[in-house]
Structure formats: C-alpha cells, structure tokens
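A.B. asks: What follows is the file my_file-v5.csv, containing CSV, C-alpha atoms and all ligand atoms:
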chain,number,residue,atom,x,y,z
A,1,MET,CA,78.3,145.1,70.1
A,2,THR,CA,75.8,144.5,67.3
A,3,ARG,CA,76.5,146.2,64.0
A,4,PHE,CA,72.8,146.0,63.2
A,5,SER,CA,70.0,148.5,63.7
A,6,ARG,CA,66.3,149.2,63.1
A,7,ARG,CA,67.2,149.6,59.4
A,8,SER,CA,68.7,146.1,59.1
A,9,ASN,CA,66.7,143.5,57.3
A,10,ALA,CA,66.3,139.8,57.9
A,11,GLU,CA,68.8,138.8,55.1
A,12,GLN,CA,71.4,141.3,56.3
A,13,VAL,CA,71.4,140.1,59.9
A,14,SER,CA,71.7,136.4,58.9
A,15,GLU,CA,74.3,136.9,56.1
A,16,GLY,CA,77.0,134.2,56.3
A,17,VAL,CA,75.0,132.0,58.6
A,18,ASP,CA,74.8,128.4,57.4
A,19,LEU,CA,71.7,126.6,58.7
A,20,SER,CA,72.0,123.5,56.5
A,21,GLY,CA,71.2,120.4,58.4
A,22,LYS,CA,69.1,122.4,60.9
A,23,ASN,CA,65.3,122.2,61.4
A,24,ALA,CA,63.3,125.3,62.1
A,25,LEU,CA,59.6,125.7,62.9
A,26,VAL,CA,57.8,129.1,62.5
A,27,THR,CA,54.3,129.5,63.8
A,28,GLY,CA,52.0,131.8,61.7
A,29,ALA,CA,54.4,131.5,58.7
A,30,ASN,CA,51.8,132.1,56.0
A,31,THR,CA,51.9,135.9,56.2
A,32,GLY,CA,53.6,139.0,57.6
A,33,LEU,CA,56.7,138.5,59.8
A,34,GLY,CA,56.3,134.8,60.0
A,35,GLN,CA,56.5,134.3,56.3
A,36,GLU,CA,59.6,136.5,56.0
A,37,THR,CA,61.2,134.7,58.9
A,38,ALA,CA,60.5,131.3,57.3
A,39,ARG,CA,61.8,132.5,53.9
A,40,VAL,CA,65.1,133.8,55.3
A,41,LEU,CA,65.7,130.8,57.5
A,42,ALA,CA,65.2,128.6,54.4
A,43,LEU,CA,67.4,130.9,52.4
A,44,ARG,CA,70.2,130.2,54.9
A,45,GLY,CA,69.7,126.5,54.3
A,46,ALA,CA,67.3,125.4,57.1
A,47,HIS,CA,64.5,122.9,56.7
A,48,VAL,CA,61.5,125.0,57.8
A,49,THR,CA,58.2,123.8,59.1
A,50,MET,CA,55.5,126.4,58.4
A,51,ALA,CA,53.0,125.8,61.3
A,52,CYS,CA,49.8,127.5,60.3
A,53,ARG,CA,46.1,127.1,60.9
A,54,ASN,CA,45.1,127.3,57.2
A,55,ARG,CA,46.6,124.9,54.7
A,56,ALA,CA,45.6,126.8,51.6
A,57,LYS,CA,47.2,130.0,52.8
A,58,ALA,CA,50.3,128.2,53.9
A,59,MET,CA,50.7,126.5,50.5
A,60,GLU,CA,50.3,129.8,48.8
A,61,ALA,CA,52.9,131.4,51.0
A,62,LYS,CA,55.2,128.5,50.5
A,63,GLN,CA,54.9,128.9,46.7
A,64,GLU,CA,55.6,132.6,47.0
A,65,ILE,CA,58.8,131.8,49.0
A,66,VAL,CA,60.0,129.2,46.5
A,67,ASP,CA,59.1,131.3,43.4
A,68,SER,CA,60.7,134.5,44.7
A,69,SER,CA,63.9,132.7,45.6
A,70,VAL,CA,64.9,132.0,42.0
A,71,GLY,CA,66.2,128.6,42.7
A,72,LYS,CA,67.8,129.3,46.1
A,73,ILE,CA,65.0,127.6,48.1
A,74,SER,CA,63.6,124.2,47.2
A,75,GLU,CA,60.1,123.1,47.8
A,76,ALA,CA,61.5,120.2,49.8
A,77,GLN,CA,62.9,122.7,52.3
A,78,LEU,CA,59.4,123.8,53.4
A,79,ASP,CA,56.8,121.7,55.1
A,80,PHE,CA,53.4,122.5,56.4
A,81,LEU,CA,52.2,121.5,59.8
A,82,GLU,CA,48.6,122.3,60.7
A,83,LEU,CA,48.5,124.3,64.0
A,84,ASP,CA,45.5,126.1,65.3
A,85,LEU,CA,46.5,127.8,68.6
A,86,ASN,CA,42.8,128.6,69.2
A,87,SER,CA,42.3,125.0,70.5
A,88,LEU,CA,44.5,123.2,73.0
A,89,ALA,CA,43.4,119.8,71.6
A,90,ALA,CA,44.5,120.9,68.1
A,91,VAL,CA,47.8,122.1,69.6
A,92,ARG,CA,48.4,118.6,71.2
A,93,THR,CA,47.6,116.9,67.8
A,94,SER,CA,50.0,119.2,66.0
A,95,ALA,CA,52.8,118.5,68.5
A,96,GLU,CA,52.2,114.8,68.1
A,97,VAL,CA,52.4,115.0,64.3
A,98,PHE,CA,55.7,116.9,64.5
A,99,LYS,CA,57.1,114.4,67.0
A,100,GLU,CA,56.2,111.5,64.7
A,101,TRP,CA,58.5,113.1,62.1
A,102,GLN,CA,61.3,112.4,64.5
A,103,ARG,CA,63.3,115.5,63.7
A,104,PRO,CA,65.4,117.4,66.2
A,105,LEU,CA,64.2,121.0,66.4
A,106,HIS,CA,67.0,123.5,66.3
A,107,LEU,CA,65.0,126.7,66.0
A,108,LEU,CA,61.5,127.3,67.3
A,109,ILE,CA,60.1,130.7,66.4
A,110,ASN,CA,56.8,131.3,68.2
A,111,ASN,CA,55.6,134.1,66.0
A,112,ALA,CA,51.8,133.6,65.4
A,113,GLY,CA,49.6,136.1,67.1
A,114,ILE,CA,46.4,138.1,67.1
A,115,MET,CA,45.5,141.7,68.1
A,116,ILE,CA,41.8,142.2,68.2
A,117,PRO,CA,39.6,145.0,69.7
A,118,MET,CA,36.7,142.7,70.7
A,119,GLU,CA,36.3,140.1,73.4
A,120,ARG,CA,36.6,136.6,72.0
A,121,ARG,CA,37.1,133.3,73.7
A,122,THR,CA,39.1,130.3,72.4
A,123,GLU,CA,37.6,126.9,72.0
A,124,ASP,CA,38.7,126.2,75.6
A,125,GLY,CA,37.1,129.4,77.0
A,126,PHE,CA,40.2,131.5,77.4
A,127,GLU,CA,40.3,135.2,76.5
A,128,ALA,CA,41.6,135.0,72.9
A,129,HIS,CA,44.9,137.0,73.3
A,130,MET,CA,46.0,135.0,76.3
A,131,GLY,CA,44.7,131.7,74.7
A,132,ILE,CA,46.3,132.1,71.3
A,133,ASN,CA,49.3,134.3,71.9
A,134,HIS,CA,50.4,132.7,75.2
A,135,LEU,CA,48.7,129.5,76.2
A,136,GLY,CA,48.8,127.9,72.7
A,137,HIS,CA,52.5,128.6,72.4
A,138,PHE,CA,53.2,127.6,76.0
A,139,LEU,CA,51.7,124.2,75.5
A,140,PHE,CA,53.1,123.7,72.0
A,141,THR,CA,56.7,124.5,73.2
A,142,ASN,CA,56.4,122.3,76.2
A,143,LEU,CA,55.1,119.4,74.1
A,144,LEU,CA,58.1,119.8,71.8
A,145,LEU,CA,60.7,119.6,74.5
A,146,ASP,CA,62.1,116.2,73.4
A,147,SER,CA,62.5,117.5,69.9
A,148,LEU,CA,64.3,120.6,71.2
A,149,SER,CA,66.5,118.6,73.5
A,150,ALA,CA,67.4,116.3,70.6
A,151,ALA,CA,68.8,119.3,68.7
A,152,LYS,CA,71.6,119.7,71.4
A,153,GLY,CA,71.6,123.5,71.4
A,154,ALA,CA,68.2,124.6,70.4
A,155,ARG,CA,66.9,128.2,70.4
A,156,VAL,CA,63.4,129.3,71.1
A,157,VAL,CA,62.4,132.7,70.0
A,158,MET,CA,59.2,134.4,71.3
A,159,VAL,CA,57.8,137.2,69.3
A,160,SER,CA,56.5,139.5,72.0
A,161,SER,CA,55.9,143.2,71.7
A,162,SER,CA,56.6,146.5,73.4
A,163,ALA,CA,52.7,146.6,73.7
A,164,MET,CA,53.5,144.9,77.0
A,165,GLY,CA,53.7,148.4,78.3
A,166,MET,CA,49.8,148.4,78.3
A,167,ALA,CA,49.7,145.2,80.3
A,168,THR,CA,47.4,144.9,83.4
A,169,LEU,CA,49.0,141.7,84.7
A,170,THR,CA,49.5,141.8,88.5
A,171,PRO,CA,52.1,139.8,90.5
A,172,GLN,CA,49.2,137.8,91.9
A,173,LEU,CA,48.0,137.0,88.4
A,174,GLN,CA,44.5,138.2,89.3
A,175,ASP,CA,41.7,137.8,86.7
A,176,LEU,CA,44.0,136.5,84.0
A,177,ASN,CA,41.0,135.5,81.9
A,178,TRP,CA,39.2,138.8,82.0
A,179,GLU,CA,36.1,137.5,83.8
A,180,SER,CA,35.6,140.3,86.4
A,181,ARG,CA,36.9,143.4,84.6
A,182,LYS,CA,35.7,145.6,81.7
A,183,PHE,CA,37.4,144.1,78.7
A,184,SER,CA,40.1,146.1,76.8
A,185,GLY,CA,41.5,144.7,73.6
A,186,PHE,CA,44.8,146.6,73.8
A,187,ARG,CA,45.4,145.7,77.5
A,188,SER,CA,44.6,142.1,77.0
A,189,TYR,CA,46.9,142.0,74.0
A,190,GLY,CA,49.6,143.7,76.2
A,191,ASP,CA,49.0,141.1,78.8
A,192,SER,CA,49.6,138.3,76.3
A,193,LYS,CA,52.8,139.9,75.0
A,194,LEU,CA,54.1,140.3,78.6
A,195,MET,CA,53.2,136.6,79.1
A,196,ASN,CA,55.3,135.8,76.0
A,197,LEU,CA,58.3,137.5,77.7
A,198,MET,CA,57.7,135.9,81.1
A,199,PHE,CA,57.4,132.5,79.5
A,200,SER,CA,60.6,133.0,77.6
A,201,ASN,CA,62.4,134.0,80.8
A,202,GLU,CA,61.0,131.1,82.9
A,203,PHE,CA,61.6,128.6,80.1
A,204,ASN,CA,65.2,129.7,79.8
A,205,ARG,CA,65.7,129.4,83.6
A,206,ARG,CA,64.4,125.9,83.4
A,207,TYR,CA,66.0,124.6,80.3
A,208,ALA,CA,69.2,126.5,79.5
A,209,GLY,CA,71.0,123.9,81.6
A,210,GLU,CA,69.7,121.3,79.1
A,211,GLY,CA,71.0,123.3,76.2
A,212,ILE,CA,67.7,125.0,75.1
A,213,PHE,CA,67.9,128.8,75.2
A,214,ALA,CA,64.9,131.1,74.9
A,215,ASN,CA,64.9,134.8,74.1
A,216,ALA,CA,62.0,137.2,73.4
A,217,LEU,CA,61.8,140.3,71.2
A,218,HIS,CA,59.8,143.3,70.0
A,219,PRO,CA,59.9,143.3,66.2
A,220,GLY,CA,59.1,147.0,65.8
A,221,VAL,CA,55.9,148.5,64.3
A,222,ILE,CA,55.2,147.0,60.9
A,223,ALA,CA,52.2,147.2,58.5
A,224,THR,CA,51.1,143.5,58.4
A,225,GLU,CA,47.7,141.9,58.7
A,226,LEU,CA,47.9,142.1,62.5
A,227,ALA,CA,45.5,145.0,62.6
A,228,ARG,CA,43.0,143.3,60.3
A,229,ASP,CA,40.2,143.4,62.9
A,230,GLN,CA,40.8,146.9,64.3
A,231,SER,CA,38.5,149.8,63.8
A,232,ILE,CA,38.5,152.2,60.9
A,233,PRO,CA,40.0,155.1,63.0
A,234,PHE,CA,42.8,152.8,64.1
A,235,MET,CA,43.5,151.9,60.5
A,236,LEU,CA,43.5,155.6,59.5
A,237,LEU,CA,46.0,156.3,62.3
A,238,GLY,CA,48.1,153.4,60.8
A,239,VAL,CA,48.1,155.1,57.4
A,240,PHE,CA,49.5,158.3,58.9
A,241,MET,CA,52.1,156.3,60.8
A,242,LEU,CA,53.2,154.3,57.7
A,243,PRO,CA,56.3,156.4,57.1
A,244,LEU,CA,57.5,155.6,60.6
A,245,MET,CA,56.9,151.9,60.3
A,246,LYS,CA,59.4,149.2,59.4
A,247,THR,CA,59.0,147.1,56.3
A,248,VAL,CA,58.3,143.4,56.8
A,249,PRO,CA,62.0,142.4,56.0
A,250,ARG,CA,63.1,144.9,58.7
A,251,GLY,CA,60.4,143.7,61.0
A,252,ALA,CA,61.6,140.1,60.7
A,253,ALA,CA,65.2,141.0,61.2
A,254,THR,CA,65.2,140.8,65.0
A,255,SER,CA,63.7,137.3,64.9
A,256,LEU,CA,66.4,136.2,62.5
A,257,TYR,CA,69.0,137.9,64.7
A,258,ALA,CA,67.9,136.2,67.9
A,259,ALA,CA,67.5,132.8,66.0
A,260,THR,CA,70.8,132.8,64.1
A,261,SER,CA,73.4,135.3,65.6
A,262,PRO,CA,76.5,133.3,66.7
A,263,ASP,CA,76.6,135.7,69.7
A,264,TYR,CA,73.5,134.1,71.2
A,265,GLU,CA,74.1,130.4,70.5
A,266,GLN,CA,74.2,129.7,74.2
A,267,ARG,CA,72.5,132.7,75.7
A,268,GLY,CA,68.9,133.1,76.8
A,269,GLY,CA,66.6,135.1,79.0
A,270,LEU,CA,67.3,138.2,77.0
A,271,PHE,CA,65.0,140.7,75.3
A,272,PHE,CA,65.8,142.2,71.9
A,273,SER,CA,64.5,145.1,69.8
A,274,ASP,CA,66.0,146.6,66.6
A,275,CYS,CA,68.5,143.7,66.4
A,276,ARG,CA,70.1,144.4,69.8
A,277,GLU,CA,69.7,143.5,73.4
A,278,LYS,CA,67.4,145.8,75.2
A,279,LYS,CA,66.4,146.4,78.8
A,280,VAL,CA,63.3,144.5,79.7
A,281,LEU,CA,60.3,146.7,79.4
A,282,HIS,CA,58.2,145.4,82.3
A,283,LYS,CA,59.2,144.8,85.9
A,284,LEU,CA,57.1,141.7,86.2
A,285,ALA,CA,59.3,140.0,83.5
A,286,GLN,CA,62.2,140.4,85.9
A,287,ASP,CA,60.2,139.1,88.9
A,288,GLU,CA,61.3,135.4,89.1
A,289,ASP,CA,58.4,134.5,91.4
A,290,ALA,CA,55.8,136.0,89.1
A,291,CYS,CA,57.3,134.2,86.1
A,292,ALA,CA,57.3,130.9,88.0
A,293,ALA,CA,53.7,131.5,89.1
A,294,LEU,CA,52.6,132.2,85.6
A,295,TRP,CA,54.3,129.0,84.5
A,296,GLN,CA,52.3,127.0,87.1
A,297,ARG,CA,49.0,128.7,86.2
A,298,SER,CA,49.7,128.1,82.5
A,299,CYS,CA,50.3,124.4,83.3
A,300,GLN,CA,46.9,124.3,85.1
A,301,MET,CA,45.0,126.2,82.4
A,302,THR,CA,46.4,124.0,79.6
A,303,ASP,CA,46.2,120.8,81.7
A,304,PHE,CA,49.9,120.2,81.0
A,305,ALA,CA,51.5,117.8,83.4
A,306,ASP,CA,55.0,119.3,83.9
A,307,ASN,CA,56.9,116.2,84.8
A,308,ARG,CA,60.3,117.5,83.7
A,309,SER,CA,60.8,120.2,86.3
A,401,LIG,N1,53.1,144.0,63.1
A,401,LIG,C1,53.5,144.6,64.2
A,401,LIG,O1,53.6,145.9,64.2
A,401,LIG,C2,53.9,143.9,65.5
A,401,LIG,C3,54.4,144.6,66.5
A,401,LIG,C4,54.8,143.9,67.7
A,401,LIG,C5,54.6,142.5,67.8
A,401,LIG,N2,54.1,141.9,66.7
A,401,LIG,C6,54.0,140.4,66.8
A,401,LIG,O2,54.5,139.8,65.7
A,401,LIG,C7,53.9,138.5,65.5
A,401,LIG,C8,53.6,138.3,64.0
A,401,LIG,O3,52.6,139.3,63.6
A,401,LIG,P1,52.4,139.9,62.2
A,401,LIG,O4,52.6,141.4,62.4
A,401,LIG,O5,53.2,139.2,61.2
A,401,LIG,O6,50.8,139.7,62.0
A,401,LIG,P2,50.0,138.9,60.9
A,401,LIG,O7,50.5,139.3,59.5
A,401,LIG,O8,48.6,139.1,61.2
A,401,LIG,O9,50.4,137.4,61.1
A,401,LIG,C9,50.0,136.7,62.2
A,401,LIG,C10,50.1,135.2,62.0
A,401,LIG,O10,49.5,134.5,63.1
A,401,LIG,C11,48.6,133.5,62.6
A,401,LIG,N3,47.6,133.2,63.6
A,401,LIG,C12,46.6,133.9,64.1
A,401,LIG,N4,45.8,133.2,64.8
A,401,LIG,C13,46.3,131.9,64.8
A,401,LIG,C14,45.8,130.7,65.4
A,401,LIG,N5,44.7,130.6,66.1
A,401,LIG,N6,46.6,129.6,65.2
A,401,LIG,C15,47.7,129.6,64.4
A,401,LIG,N7,48.1,130.8,63.8
A,401,LIG,C16,47.4,131.9,64.0
A,401,LIG,C17,48.0,134.1,61.4
A,401,LIG,O11,47.4,133.1,60.6
A,401,LIG,P3,46.1,133.5,59.6
A,401,LIG,O12,46.7,134.3,58.5
A,401,LIG,O13,45.6,132.2,59.2
A,401,LIG,O14,45.2,134.4,60.4
A,401,LIG,C18,49.3,134.7,60.7
A,401,LIG,O15,50.0,133.7,60.1
A,401,LIG,C19,52.7,138.5,66.4
A,401,LIG,O16,53.0,137.7,67.5
A,401,LIG,C20,52.5,139.9,66.8
A,401,LIG,O17,52.0,140.0,68.1
A,401,LIG,C21,53.8,142.5,65.5
Show this structure as structure tokens.

C.D. replies:
Amino acid sequence: MTRFSRRSNAEQVSEGVDLSGKNALVTGANTGLGQETARVLALRGAHVTMACRNRAKAMEAKQEIVDSSVGKISEAQLDFLELDLNSLAAVRTSAEVFKEWQRPLHLLINNAGIMIPMERRTEDGFEAHMGINHLGHFLFTNLLLDSLSAAKGARVVMVSSSAMGMATLTPQLQDLNWESRKFSGFRSYGDSKLMNLMFSNEFNRRYAGEGIFANALHPGVIATELARDQSIPFMLLGVFMLPLMKTVPRGAATSLYAATSPDYEQRGGLFFSDCREKKVLHKLAQDEDACAALWQRSCQMTDFADNRS
C-alpha cells in the first residue's frame, strides 16, 4: 500500500531512490510537469535527456534546474534532444539522433502534450491532439525499442489524463481524425489521452515479456502552460479553481512514482493517480481488441513497420 497521496511531491515520492547510471528521457521537459520531472530524475542521479521542440526554451529550463539545485545537479547530467511531435519526419530524426548516442534507455517519460480549443492539423494532416499527444509518442517510443531493450528493465510512463472521460473514441475507431464530425477541442483532447492509456496497455502487453514495462497516469489538475490557448472564460474558471489545484511539484509526483517506485520495477499495464494505482477510467482501455486495433491503426497512420510483433 502506497504511503503517498495527492499532497506528496516529486521529491518525496522518489526519496532514497538512486538512479545513478540510469538514462532517462522526458518529452516536453522545458516547462510544467516535464521540467519538474526532469529535475527530480536528475536529482536522484539519472542522466536526463530533455526532449523538447525549442532549443532556447530547453536550455533556459536546463539552466534553471542546474542553478536551483545548488550543486546537486551538474550540467553534464542534462542533455537536449530536439523533438517536435508535430511532425512524424522530425520524430524519426530525433529517434535516430538518440540511437546514435548508443545509450540504453531506462526511463522514458512521454509527458509532452497540448490541449487546444481550436481545430489544428499536424504537418502530416492529423488532428493535432491525436497527432502530437498520441501518434508522435507512439512512433517515438516504438523507434526507441532497441534502446529500451538494452536497458534490461526499462519503464515507459505515459502522462495521460482523467480528461479521457470526455473521449468519443468508439471500439470501431470511427473518424479518429475528426473528418466527419463537428470538432470539439475537449473531446479530441480526451480521445488523445485515452489513446495514451490504450497505447500504454497494449505496449505493456507486447513488451513486458522483454522486460519493458509501461504504465499510464493522471497527474491531477495543475496550473501549467497547458491551457495557454484556451479562452478567457476558461482561464477565469481556472483562477477560481486555483485553490483546488496541485502545485507543479505535486503534479509531477505521480510520474516520479510510476518511474521510480521499487514496487513497479517489473509491473506494467497499470493506471495511476495521486501516487497510487487507480481503477482504469474508461472501458475501452480494458478492451484488448480495441487496444490492439488502435495499435494497428497507429502503425498505419505513422507508416511504422512493426516487425517486432
Ligand atoms: N496540467 C494539468 O492539469 C494536466 C492534467 C492532466 C494531464 N496533463 C498532461 O500532462 C502533460 C504535461 O502537461 P503540462 O501541464 O506540464 O503542460 P505544459 O506546461 O503546457 O507543458 C507541455 C509540454 O509539451 C511540449 N509540447 C507541446 N507540443 C509539442 C510538440 N509538438 N513537440 C514536442 N513537445 C511539445 C511543450 O513545449 P513548448 O513549451 O515548446 O510548447 C511543453 O514542454 C501533458 O501531456 C498533459 O496532457 C496535464
């Protein structure tokens, strides 16, 4: 039974964990939950790759991490990898660069994400929530399989959301790309976060036997830049909700817990919230056929030849 709760922060849940000699990669590590996740993984001794789309922002975030650590985190512990999940070609290039470094990847935290009210398409023509939050991470993770395998006991953490409660995804995966329906920002965001969980479950089913374990989580509700493109009324609602929200260190705690708790070294296919295992929030995530079908469709959409399964 976990001794942690919604009030625990990322440092508390990883206290006593020694990650020296381990390599971690955090997507979207230049701000919000990703930056705090990268900071605390480095504080525990990991070498952390900050995979971000903007080098200047990543460098600023790296400097903040090093400066605020008062000598506990060295510059050499943090690397930058350019990763723009908005483009599948860019994702392929990033994975190639990482593989050239020839590092086993012990911890992959798929954290980057967007939540926008308007309809936008990625460079490859996919609805942006699905394209960036799901397909980009789907392809990136699959392309890093050899690096994950080489770690001999890797963990993949998918930062999903309870917003999956708004998802419109059907077991037949109809109109995934929002071509024949009236667009809804919240519902397409919910779809992408449900896809994160379904991907985590299916990935774990395929690769737990090879020693790569995947879990997904809801971090809580946290005032980050995630809502940067939302309407003024949405922002005002956020201001009223501030007292109920988690701080960023508390928001990153569940990612740290899933990535470092000794209890989950060899366990995957789980969903966490508030630093504890929770019942999965959506029935499609428990539907093995639907998870496998989403995997196949994601292979097609990303043009990924899945030779390993
Ligand atoms: N905050 C919450 O209440 C909450 C609740 C549930 C789930 N989540 C999930 O938590 C995760 C982290 O969100 P956050 O709250 O920390 O939000 P955030 O502060 O907006 O951080 C999001 C990160 O994702 C990056 N990103 C966006 N588009 C990208 C792209 N095309 N390629 C690469 N990186 C990209 C951003 O980079 P730029 O700075 O360059 O844009 C940023 O680093 C997300 O997956 C979100 O869905 C958050």

A.B. asks: Extract, using all atoms listed in the file, all DNA, RNA and protein residues at most 8 Å from stretch 74-88 of chain A, discarding same-chain residues fewer than 6 positions from it, and format them as a VMD selection string.

C.D. replies: chain A and resid 27 42 46 to 55 58 to 59 62 to 63 66 94 97 to 98 122 to 124 128 131 to 133 136 to 137 139 302

A.B. asks: Write out as CSV the residues of chain A that have any atom within 6 Å of an atom of ligand LIG 401 (chain A), one row each with the nearest atom pair and its distance in Å to one decimal, counting all atoms listed in the file, sorted by chain and then rising number.

C.D. replies:
residue,atom,partner,partner_atom,distance
A:Gly28,CA,A:LIG401,O15,3.2
A:Ala29,CA,A:LIG401,O15,5.1
A:Asn30,CA,A:LIG401,O15,4.8
A:Thr31,CA,A:LIG401,O15,4.9
A:Gly32,CA,A:LIG401,O5,3.6
A:Leu33,CA,A:LIG401,O5,3.8
A:Gly34,CA,A:LIG401,O5,5.5
A:Cys52,CA,A:LIG401,C15,5.1
A:Arg53,CA,A:LIG401,C15,4.6
A:Asn54,CA,A:LIG401,O13,5.3
A:Leu83,CA,A:LIG401,C15,5.4
A:Asp84,CA,A:LIG401,N6,3.7
A:Leu85,CA,A:LIG401,N6,3.8
A:Asn86,CA,A:LIG401,N5,4.1
A:Asn111,CA,A:LIG401,O16,4.7
A:Ala112,CA,A:LIG401,O10,3.4
A:Gly113,CA,A:LIG401,O16,3.8
A:Ile114,CA,A:LIG401,C12,5.2
A:Ile132,CA,A:LIG401,N5,5.6
A:Val159,CA,A:LIG401,O16,5.2
A:Ser160,CA,A:LIG401,C5,5.5
A:Ser161,CA,A:LIG401,C5,4.2
A:His218,CA,A:LIG401,C4,5.5
A:Pro219,CA,A:LIG401,C4,5.3
A:Gly220,CA,A:LIG401,C3,5.3
A:Val221,CA,A:LIG401,O1,3.5
A:Ile222,CA,A:LIG401,O1,3.8
A:Ala223,CA,A:LIG401,N1,5.7
A:Thr224,CA,A:LIG401,O7,4.4
A:Glu225,CA,A:LIG401,O8,3.9
A:Leu226,CA,A:LIG401,O8,3.3

A.B. asks: At most 12 Å is the cut-off: for each residue in stretch 164-211 of chain A with any atom that close to an atom of stretch 227-241 of chain A, write down the nearest atom pair and the distance in Å rounded to one decimal, counting all atoms listed in the file, chain first then increasing number, as JSON lines.

C.D. replies:
{"residue": "A:Gly185", "atom": "CA", "partner": "A:Gln230", "partner_atom": "CA", "distance": 9.6}
{"residue": "A:Phe186", "atom": "CA", "partner": "A:Gln230", "partner_atom": "CA", "distance": 10.3}
{"residue": "A:Tyr189", "atom": "CA", "partner": "A:Ala227", "partner_atom": "CA", "distance": 11.9}

A.B. asks: Generate a file of the selected residues that holds C-alpha atoms, formatted as a PDB file, in the frame of the given file.

C.D. replies:
ATOM      1  CA  GLY A 185      41.500 144.700  73.600  1.00  0.00           C
ATOM      2  CA  PHE A 186      44.800 146.600  73.800  1.00  0.00           C
ATOM      3  CA  TYR A 189      46.900 142.000  74.000  1.00  0.00           C
TER       4      TYR A 189
END

A.B. asks: What separation in Å, quoted to one decimal, exists between atom CA of A:Met166 and atom CA of A:Trp178?

C.D. replies: 14.8 Å

A.B. asks: Taking only C-alpha atoms into account, name the residue in A:Leu19, A:Val280, A:Leu145, A:Ala90 that is nearest to A:Met164.

C.D. replies: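 Distance minimum relative to A:Met164 lands on A:Val280.
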
A.B. asks: Please list as a VMD selection string every residue within 12 Å of A:Gln174, counting all atoms listed in the file and excluding residues in the same chain fewer than 4 positions away.

C.D. replies: chain A and resid 168 to 170 178 to 181 191 290 293 to 294 297

A.B. asks: Would you kindly return, as a PyMOL selection string, each protein, DNA or RNA residue with an atom no farther than 9 Å from any atom of A:Phe199, considering only C-alpha atoms and excluding same-chain residues fewer than 5 positions away?

C.D. replies: chain A and resi 134+138+158+194+204+214+216+285+291-292+294-295

A.B. asks: I need the residues from that last selection saved to file as a PDB file, keeping the file's coordinate frame (with C-alpha atoms), if you can.

C.D. replies:
ATOM      1  CA  HIS A 134      50.400 132.700  75.200  1.00  0.00           C
ATOM      2  CA  PHE A 138      53.200 127.600  76.000  1.00  0.00           C
ATOM      3  CA  MET A 158      59.200 134.400  71.300  1.00  0.00           C
ATOM      4  CA  LEU A 194      54.100 140.300  78.600  1.00  0.00           C
ATOM      5  CA  ASN A 204      65.200 129.700  79.800  1.00  0.00           C
ATOM      6  CA  ALA A 214      64.900 131.100  74.900  1.00  0.00           C
ATOM      7  CA  ALA A 216      62.000 137.200  73.400  1.00  0.00           C
ATOM      8  CA  ALA A 285      59.300 140.000  83.500  1.00  0.00           C
ATOM      9  CA  CYS A 291      57.300 134.200  86.100  1.00  0.00           C
ATOM     10  CA  ALA A 292      57.300 130.900  88.000  1.00  0.00           C
ATOM     11  CA  LEU A 294      52.600 132.200  85.600  1.00  0.00           C
ATOM     12  CA  TRP A 295      54.300 129.000  84.500  1.00  0.00           C
TER      13      TRP A 295
END

A.B. asks: Report, in Å to a single decimal, how far apart atom CA of A:Ala253 and atom CA of A:Asn9 are.

C.D. replies: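 Result for atom CA of A:Asn9 versus atom CA of A:Ala253: 4.9 Å, one decimal.
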
A.B. asks: Got a sec: who's within 10 Å of stretch 264-274 of chain A, counting all atoms listed in the file, leaving out chain neighbours fewer than 6 positions off, as a PyMOL selection string?

C.D. replies: chain A and resi 4-9+153-162+197-205+207-209+211-220+250-255+257-258+280-281+285-286

A.B. asks: Quick one, how far is atom CA of A:Lys99 from atom CA of A:Val26?

C.D. replies: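 These atoms are spaced 15.4 Å apart.
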
A.B. asks: Nearest residue to A:Glu64 out of A:His129, A:Lys22, A:Arg39, A:His282, using all atoms listed in the file?

C.D. replies: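 Ranked by minimum distance to A:Glu64, first place goes to A:Arg39.
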
A.B. asks: A:Thr2, A:Asn23, A:Ser261, A:Ser298: which is nearest A:Leu176, counting only C-alpha atoms?

C.D. replies: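 Smallest distance to A:Leu176 is found for A:Ser298.
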
A.B. asks: Have a look at A:Pro171, A:Glu127, A:Arg120, A:Ser69 and name the one nearest to A:Asp287; count only C-alpha atoms.

C.D. replies: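 So, comparing all the options, the nearest one is A:Pro171.
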
A.B. asks: Can you work out which one of A:Ser147, A:Gln35, A:Gln172, A:Thr260 has the shortest atom-to-atom distance to A:Ile65, counting only C-alpha atoms?

C.D. replies: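 Among the listed residues, the smallest separation from A:Ile65 belongs to A:Gln35.
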
A.B. asks: Got a sec: who's within 12 Å of A:Gly16, counting all atoms listed in the file, leaving out chain neighbours fewer than 4 positions off, as a PDB file with C-alpha atoms, in the frame of the given file?

C.D. replies:
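Contents of result-v4.pdb, freshly written:
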ATOM      1  CA  GLU A  11      68.800 138.800  55.100  1.00  0.00           C
ATOM      2  CA  GLN A  12      71.400 141.300  56.300  1.00  0.00           C
ATOM      3  CA  SER A  20      72.000 123.500  56.500  1.00  0.00           C
ATOM      4  CA  VAL A  40      65.100 133.800  55.300  1.00  0.00           C
ATOM      5  CA  LEU A  41      65.700 130.800  57.500  1.00  0.00           C
ATOM      6  CA  LEU A  43      67.400 130.900  52.400  1.00  0.00           C
ATOM      7  CA  ARG A  44      70.200 130.200  54.900  1.00  0.00           C
ATOM      8  CA  GLY A  45      69.700 126.500  54.300  1.00  0.00           C
ATOM      9  CA  THR A 260      70.800 132.800  64.100  1.00  0.00           C
ATOM     10  CA  SER A 261      73.400 135.300  65.600  1.00  0.00           C
ATOM     11  CA  PRO A 262      76.500 133.300  66.700  1.00  0.00           C
TER      12      PRO A 262
END
